[in-house]
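Asks: One structure, as structure tokens, below. Some questions next.
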Amino acid sequence: MNRFYVLLETNDAYAPLAGTSLYSLFKNNQDLEGLTVYLIDDGISPENKEKYLRLAEEYGRELNFIDPEPMEKILRQNQVSMYKGSYTTYYKLFAVNLLLEDAQKVLFLDSDTVVDGSLQELTSWDFHGAPMAMTWEMVPEKYKVHLGLKADSRFFNGGAILFNVPVWREMQCEKKYLDYMKEYHPHFLFADQELSNVLFHDQIQLLPLKYNLHTSYFLYPAWQLKKIYRLHEDSSYTAQEIEEAKKHPVVYHFVGNTAICRPWHTNNHSPLTPVFDRYLREGPWRDYQKAEMKRGLMGRIQYGLYKMLPKSLYAEVHHAMLLHWLTHAERA
């Protein structure tokens, strides 16, 4: 039996979110043979670990915890800077080689996702020689240039990554990440996502949007997204592709900003809150208490403008604020 591996990473603060994601994965993929989960344990409490194990047992799935200490040691020895006070986001890049030798495909999912459909198609995915497959991300062209890429370069989102394990190992991708981080000591805003785009932007295969469908696609129509992000036709999804993904989603990704906030905040305005709440209420973390997100001045201003301005005018405001934040925000 061929195994299909899913990889998640979390600390204890995000354990309920990762657990909700894991619950949705098990619930909606009960017919997926050989599903095996690896969870990078960046300080998960014994209580939450027990919940994870009971959940896996309930669905008859294998769940393995990965100790991040060996990966952290490598990063520290090479003087790699932390991202937001932790190495957690980088662990996925080094965990692939820790999996069993027979692993062919590994799907990494951010903890702020839910799986709302079947992953069966990915078990026989043809990479055509690429080391990984991801969905496109929407970033302004000036930000791509800011990172040293061409304005019309394809840019990918790291919330869902399908790894082609044999090619990943053959290309020594892990070493390429580490060598780059050692030489440049990068302080990126989105850490490993930007590293992947800088190092492998022309070697990443495109996944259908339904495997990483994030909040922005529900906030704005396709024409407005193109205006906000100044998207190129050959590096963004078409209006038809967006609508098709929204009709048949597989993975929702709850990204957000300080204006909209995210579904686990009491003061959020995310259009995907009903999706998150449904899985949260059904799963083992149904007693999770949401907390208020403290908006800064810019977040309050942005939300006020979003509510008051005509969408065509707000698109210009959003673009200007987004670009300023991307190019001026304090790095990790």
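Going through the structure tokens in order, the chains are called A, B, and so on, while each chain numbers its residues from 1 and the ligands are numbered from 1 in the order shown.
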At a cut-off of 9 Å, using only C-alpha atoms, what residues contact Ile40 in chain A? Leave out same-chain residues fewer than 6 positions from it and give the result as a ChimeraX atom specification.
Replies: /A:7-11,64-68,88,91-92,95
Asks: Each residue of range 185-221 of chain A with at least one atom at most 10 Å from range 117-126 of chain A should appear once, together with its nearest atom pair and the corresponding distance in Å (one decimal); atoms considered: only C-alpha atoms; ordering: chain, then increasing residue number; output as CSV.
Replies:
residue,atom,partner,partner_atom,distance
A:Gln205,CA,A:Asp126,CA,9.8
A:Leu207,CA,A:Leu122,CA,9.7
A:Lys210,CA,A:Gly117,CA,9.4
A:Tyr211,CA,A:Leu119,CA,8.6
Asks: Quick one: write out the picked residues with all heavy atoms as a PDB file, in the first residue's frame?
Replies:
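Everything below was put into part_35.pdb:
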ATOM      1  N   GLN A 205       5.987  23.804  -9.431  1.00  0.00           N
ATOM      2  CA  GLN A 205       4.836  23.488 -10.262  1.00  0.00           C
ATOM      3  C   GLN A 205       3.572  24.114  -9.673  1.00  0.00           C
ATOM      4  O   GLN A 205       3.426  24.218  -8.450  1.00  0.00           O
ATOM      5  CB  GLN A 205       4.666  21.970 -10.367  1.00  0.00           C
ATOM      6  CG  GLN A 205       3.616  21.542 -11.376  1.00  0.00           C
ATOM      7  CD  GLN A 205       3.363  20.044 -11.321  1.00  0.00           C
ATOM      8  OE1 GLN A 205       3.276  19.480 -10.242  1.00  0.00           O
ATOM      9  NE2 GLN A 205       3.245  19.402 -12.470  1.00  0.00           N
ATOM     10  N   LEU A 207      -0.191  24.342  -8.492  1.00  0.00           N
ATOM     11  CA  LEU A 207      -1.335  23.560  -8.027  1.00  0.00           C
ATOM     12  C   LEU A 207      -2.628  24.313  -8.316  1.00  0.00           C
ATOM     13  O   LEU A 207      -2.642  25.550  -8.311  1.00  0.00           O
ATOM     14  CB  LEU A 207      -1.255  23.334  -6.514  1.00  0.00           C
ATOM     15  CG  LEU A 207      -0.415  22.179  -5.969  1.00  0.00           C
ATOM     16  CD1 LEU A 207      -0.488  22.184  -4.447  1.00  0.00           C
ATOM     17  CD2 LEU A 207      -0.868  20.835  -6.514  1.00  0.00           C
ATOM     18  N   LYS A 210      -7.912  25.395  -5.689  1.00  0.00           N
ATOM     19  CA  LYS A 210      -8.776  24.738  -4.703  1.00  0.00           C
ATOM     20  C   LYS A 210      -7.979  24.098  -3.568  1.00  0.00           C
ATOM     21  O   LYS A 210      -8.540  23.818  -2.504  1.00  0.00           O
ATOM     22  CB  LYS A 210      -9.638  23.672  -5.369  1.00  0.00           C
ATOM     23  CG  LYS A 210      -8.867  22.498  -5.965  1.00  0.00           C
ATOM     24  CD  LYS A 210      -9.810  21.513  -6.635  1.00  0.00           C
ATOM     25  CE  LYS A 210      -9.046  20.355  -7.269  1.00  0.00           C
ATOM     26  NZ  LYS A 210      -9.977  19.376  -7.914  1.00  0.00           N
ATOM     27  N   TYR A 211      -6.676  23.901  -3.750  1.00  0.00           N
ATOM     28  CA  TYR A 211      -5.851  23.297  -2.704  1.00  0.00           C
ATOM     29  C   TYR A 211      -5.228  24.318  -1.751  1.00  0.00           C
ATOM     30  O   TYR A 211      -4.500  23.934  -0.838  1.00  0.00           O
ATOM     31  CB  TYR A 211      -4.753  22.433  -3.329  1.00  0.00           C
ATOM     32  CG  TYR A 211      -5.305  21.185  -3.979  1.00  0.00           C
ATOM     33  CD1 TYR A 211      -5.291  21.034  -5.368  1.00  0.00           C
ATOM     34  CD2 TYR A 211      -5.871  20.175  -3.207  1.00  0.00           C
ATOM     35  CE1 TYR A 211      -5.817  19.895  -5.958  1.00  0.00           C
ATOM     36  CE2 TYR A 211      -6.396  19.036  -3.799  1.00  0.00           C
ATOM     37  CZ  TYR A 211      -6.369  18.905  -5.176  1.00  0.00           C
ATOM     38  OH  TYR A 211      -6.892  17.780  -5.757  1.00  0.00           O
TER      39      TYR A 211
END
Asks: From the options A:Phe26, A:Tyr237, A:Phe108, A:Phe4, which residue's atoms come nearest to Leu55 in chain A, counting only C-alpha atoms?
Replies: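 Looking at the shortest contact to Leu55 in chain A, the residue is A:Phe26.
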Asks: For Val6 in chain A, work out the shell of residues within 6 Å, counting only C-alpha atoms and skipping chain neighbours fewer than 2 positions away, then give it as a compact mmCIF listing (two decimals) with N, CA and C atoms, in the first residue's frame.
Replies:
# COMPACT_ATOMS: atom_id res chain seq x y z
N VAL A 37 0.11 10.93 9.11
CA VAL A 37 0.36 12.32 9.48
C VAL A 37 1.61 12.42 10.35
N VAL A 106 4.66 14.29 0.02
CA VAL A 106 4.32 14.81 1.34
C VAL A 106 3.59 16.14 1.13
N LEU A 107 2.39 16.24 1.70
CA LEU A 107 1.65 17.49 1.63
C LEU A 107 1.82 18.24 2.94
N PHE A 108 2.44 19.41 2.89
CA PHE A 108 2.51 20.27 4.06
C PHE A 108 1.32 21.20 4.08
Asks: What residues in range 143-316 of chain A get the DSSP label helix (DSSP H, G or I)? Please answer as a count of residues only.
Replies: 86
Asks: What's the separation between CA of Arg281 in chain A and CA of Thr20 in chain A, in Å to one decimal place?
Replies: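 A separation of 9.0 Å between them.
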Asks: Considering only C-alpha atoms, state which residue in the set A:Gly85, A:Pro249, A:Pro131, A:Gly299 is at the smallest distance from Glu170 in chain A.
Replies: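 Answer, going by the shortest atom-to-atom distance: A:Pro131.
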Asks: Could you name the residues that touch His265 in chain A at 10 Å or less, counting only C-alpha atoms, but leaving out those on the same chain fewer than 2 positions away, as a ChimeraX atom specification?
Replies: /A:260-263,267-270,273,289-294
Asks: Keeping only N, CA, C and O atoms, write the selected residues to a file as a PDB file, in the first residue's frame.
Replies:
ATOM      1  N   ILE A 260      -9.259  42.890   8.719  1.00  0.00           N
ATOM      2  CA  ILE A 260     -10.229  41.797   8.644  1.00  0.00           C
ATOM      3  C   ILE A 260     -10.092  40.851   9.836  1.00  0.00           C
ATOM      4  O   ILE A 260     -11.064  40.307  10.336  1.00  0.00           O
ATOM      5  N   CYS A 261      -8.867  40.657  10.294  1.00  0.00           N
ATOM      6  CA  CYS A 261      -8.529  39.686  11.344  1.00  0.00           C
ATOM      7  C   CYS A 261      -8.837  38.262  10.860  1.00  0.00           C
ATOM      8  O   CYS A 261      -9.226  38.055   9.714  1.00  0.00           O
ATOM      9  N   ARG A 262      -8.653  37.285  11.741  1.00  0.00           N
ATOM     10  CA  ARG A 262      -8.840  35.901  11.324  1.00  0.00           C
ATOM     11  C   ARG A 262      -9.916  35.229  12.172  1.00  0.00           C
ATOM     12  O   ARG A 262     -10.299  35.728  13.227  1.00  0.00           O
ATOM     13  N   PRO A 263     -10.439  34.098  11.707  1.00  0.00           N
ATOM     14  CA  PRO A 263     -11.663  33.543  12.299  1.00  0.00           C
ATOM     15  C   PRO A 263     -11.594  33.219  13.779  1.00  0.00           C
ATOM     16  O   PRO A 263     -12.640  33.078  14.416  1.00  0.00           O
ATOM     17  N   ASN A 267     -13.249  39.681  17.173  1.00  0.00           N
ATOM     18  CA  ASN A 267     -13.591  40.885  16.411  1.00  0.00           C
ATOM     19  C   ASN A 267     -13.239  40.737  14.935  1.00  0.00           C
ATOM     20  O   ASN A 267     -12.960  41.718  14.257  1.00  0.00           O
ATOM     21  N   ASN A 268     -13.258  39.515  14.429  1.00  0.00           N
ATOM     22  CA  ASN A 268     -12.884  39.315  13.032  1.00  0.00           C
ATOM     23  C   ASN A 268     -14.054  39.636  12.104  1.00  0.00           C
ATOM     24  O   ASN A 268     -15.223  39.600  12.496  1.00  0.00           O
ATOM     25  N   HIS A 269     -13.704  39.936  10.855  1.00  0.00           N
ATOM     26  CA  HIS A 269     -14.690  40.181   9.806  1.00  0.00           C
ATOM     27  C   HIS A 269     -14.384  39.290   8.603  1.00  0.00           C
ATOM     28  O   HIS A 269     -14.655  39.666   7.462  1.00  0.00           O
ATOM     29  N   SER A 270     -13.833  38.140   8.867  1.00  0.00           N
ATOM     30  CA  SER A 270     -13.448  37.225   7.800  1.00  0.00           C
ATOM     31  C   SER A 270     -14.683  36.560   7.199  1.00  0.00           C
ATOM     32  O   SER A 270     -15.547  36.052   7.933  1.00  0.00           O
ATOM     33  N   THR A 273     -15.216  32.811   8.376  1.00  0.00           N
ATOM     34  CA  THR A 273     -15.460  32.444   9.774  1.00  0.00           C
ATOM     35  C   THR A 273     -16.455  31.291   9.922  1.00  0.00           C
ATOM     36  O   THR A 273     -16.227  30.385  10.729  1.00  0.00           O
ATOM     37  N   GLN A 289     -11.608  29.040  23.395  1.00  0.00           N
ATOM     38  CA  GLN A 289     -12.132  30.378  23.602  1.00  0.00           C
ATOM     39  C   GLN A 289     -11.405  31.373  22.697  1.00  0.00           C
ATOM     40  O   GLN A 289     -10.193  31.563  22.818  1.00  0.00           O
ATOM     41  N   LYS A 290     -12.144  32.000  21.806  1.00  0.00           N
ATOM     42  CA  LYS A 290     -11.550  33.002  20.938  1.00  0.00           C
ATOM     43  C   LYS A 290     -11.156  34.244  21.743  1.00  0.00           C
ATOM     44  O   LYS A 290     -11.776  34.556  22.755  1.00  0.00           O
ATOM     45  N   ALA A 291     -10.151  34.936  21.260  1.00  0.00           N
ATOM     46  CA  ALA A 291      -9.690  36.161  21.914  1.00  0.00           C
ATOM     47  C   ALA A 291      -9.757  37.323  20.927  1.00  0.00           C
ATOM     48  O   ALA A 291      -9.742  37.128  19.708  1.00  0.00           O
ATOM     49  N   GLU A 292      -9.824  38.512  21.462  1.00  0.00           N
ATOM     50  CA  GLU A 292      -9.879  39.695  20.609  1.00  0.00           C
ATOM     51  C   GLU A 292      -8.493  40.022  20.076  1.00  0.00           C
ATOM     52  O   GLU A 292      -7.493  39.912  20.786  1.00  0.00           O
ATOM     53  N   MET A 293      -8.444  40.400  18.808  1.00  0.00           N
ATOM     54  CA  MET A 293      -7.185  40.867  18.241  1.00  0.00           C
ATOM     55  C   MET A 293      -7.078  42.368  18.461  1.00  0.00           C
ATOM     56  O   MET A 293      -8.018  43.117  18.171  1.00  0.00           O
ATOM     57  N   LYS A 294      -5.961  42.815  18.989  1.00  0.00           N
ATOM     58  CA  LYS A 294      -5.752  44.233  19.234  1.00  0.00           C
ATOM     59  C   LYS A 294      -5.287  44.894  17.949  1.00  0.00           C
ATOM     60  O   LYS A 294      -4.166  44.653  17.491  1.00  0.00           O
TER      61      LYS A 294
END
Asks: Please measure the separation of CA of Asn212 in chain A and CA of Val251 in chain A, giving the value in Å to one decimal.
Replies: 5.2 Å
Asks: Between A:Phe200, A:Phe156, A:Tyr279, A:Tyr180, which one has atoms that come closest to Gln79 in chain A, using only C-alpha atoms?
Replies: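 Answer, going by the shortest atom-to-atom distance: A:Tyr180.
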Asks: Could you tell me which of A:Arg278, A:His214, A:His318, A:Arg230 comes closest to His253 in chain A if we count only C-alpha atoms?
Replies: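 Looking at the shortest contact to His253 in chain A, the residue is A:His214.
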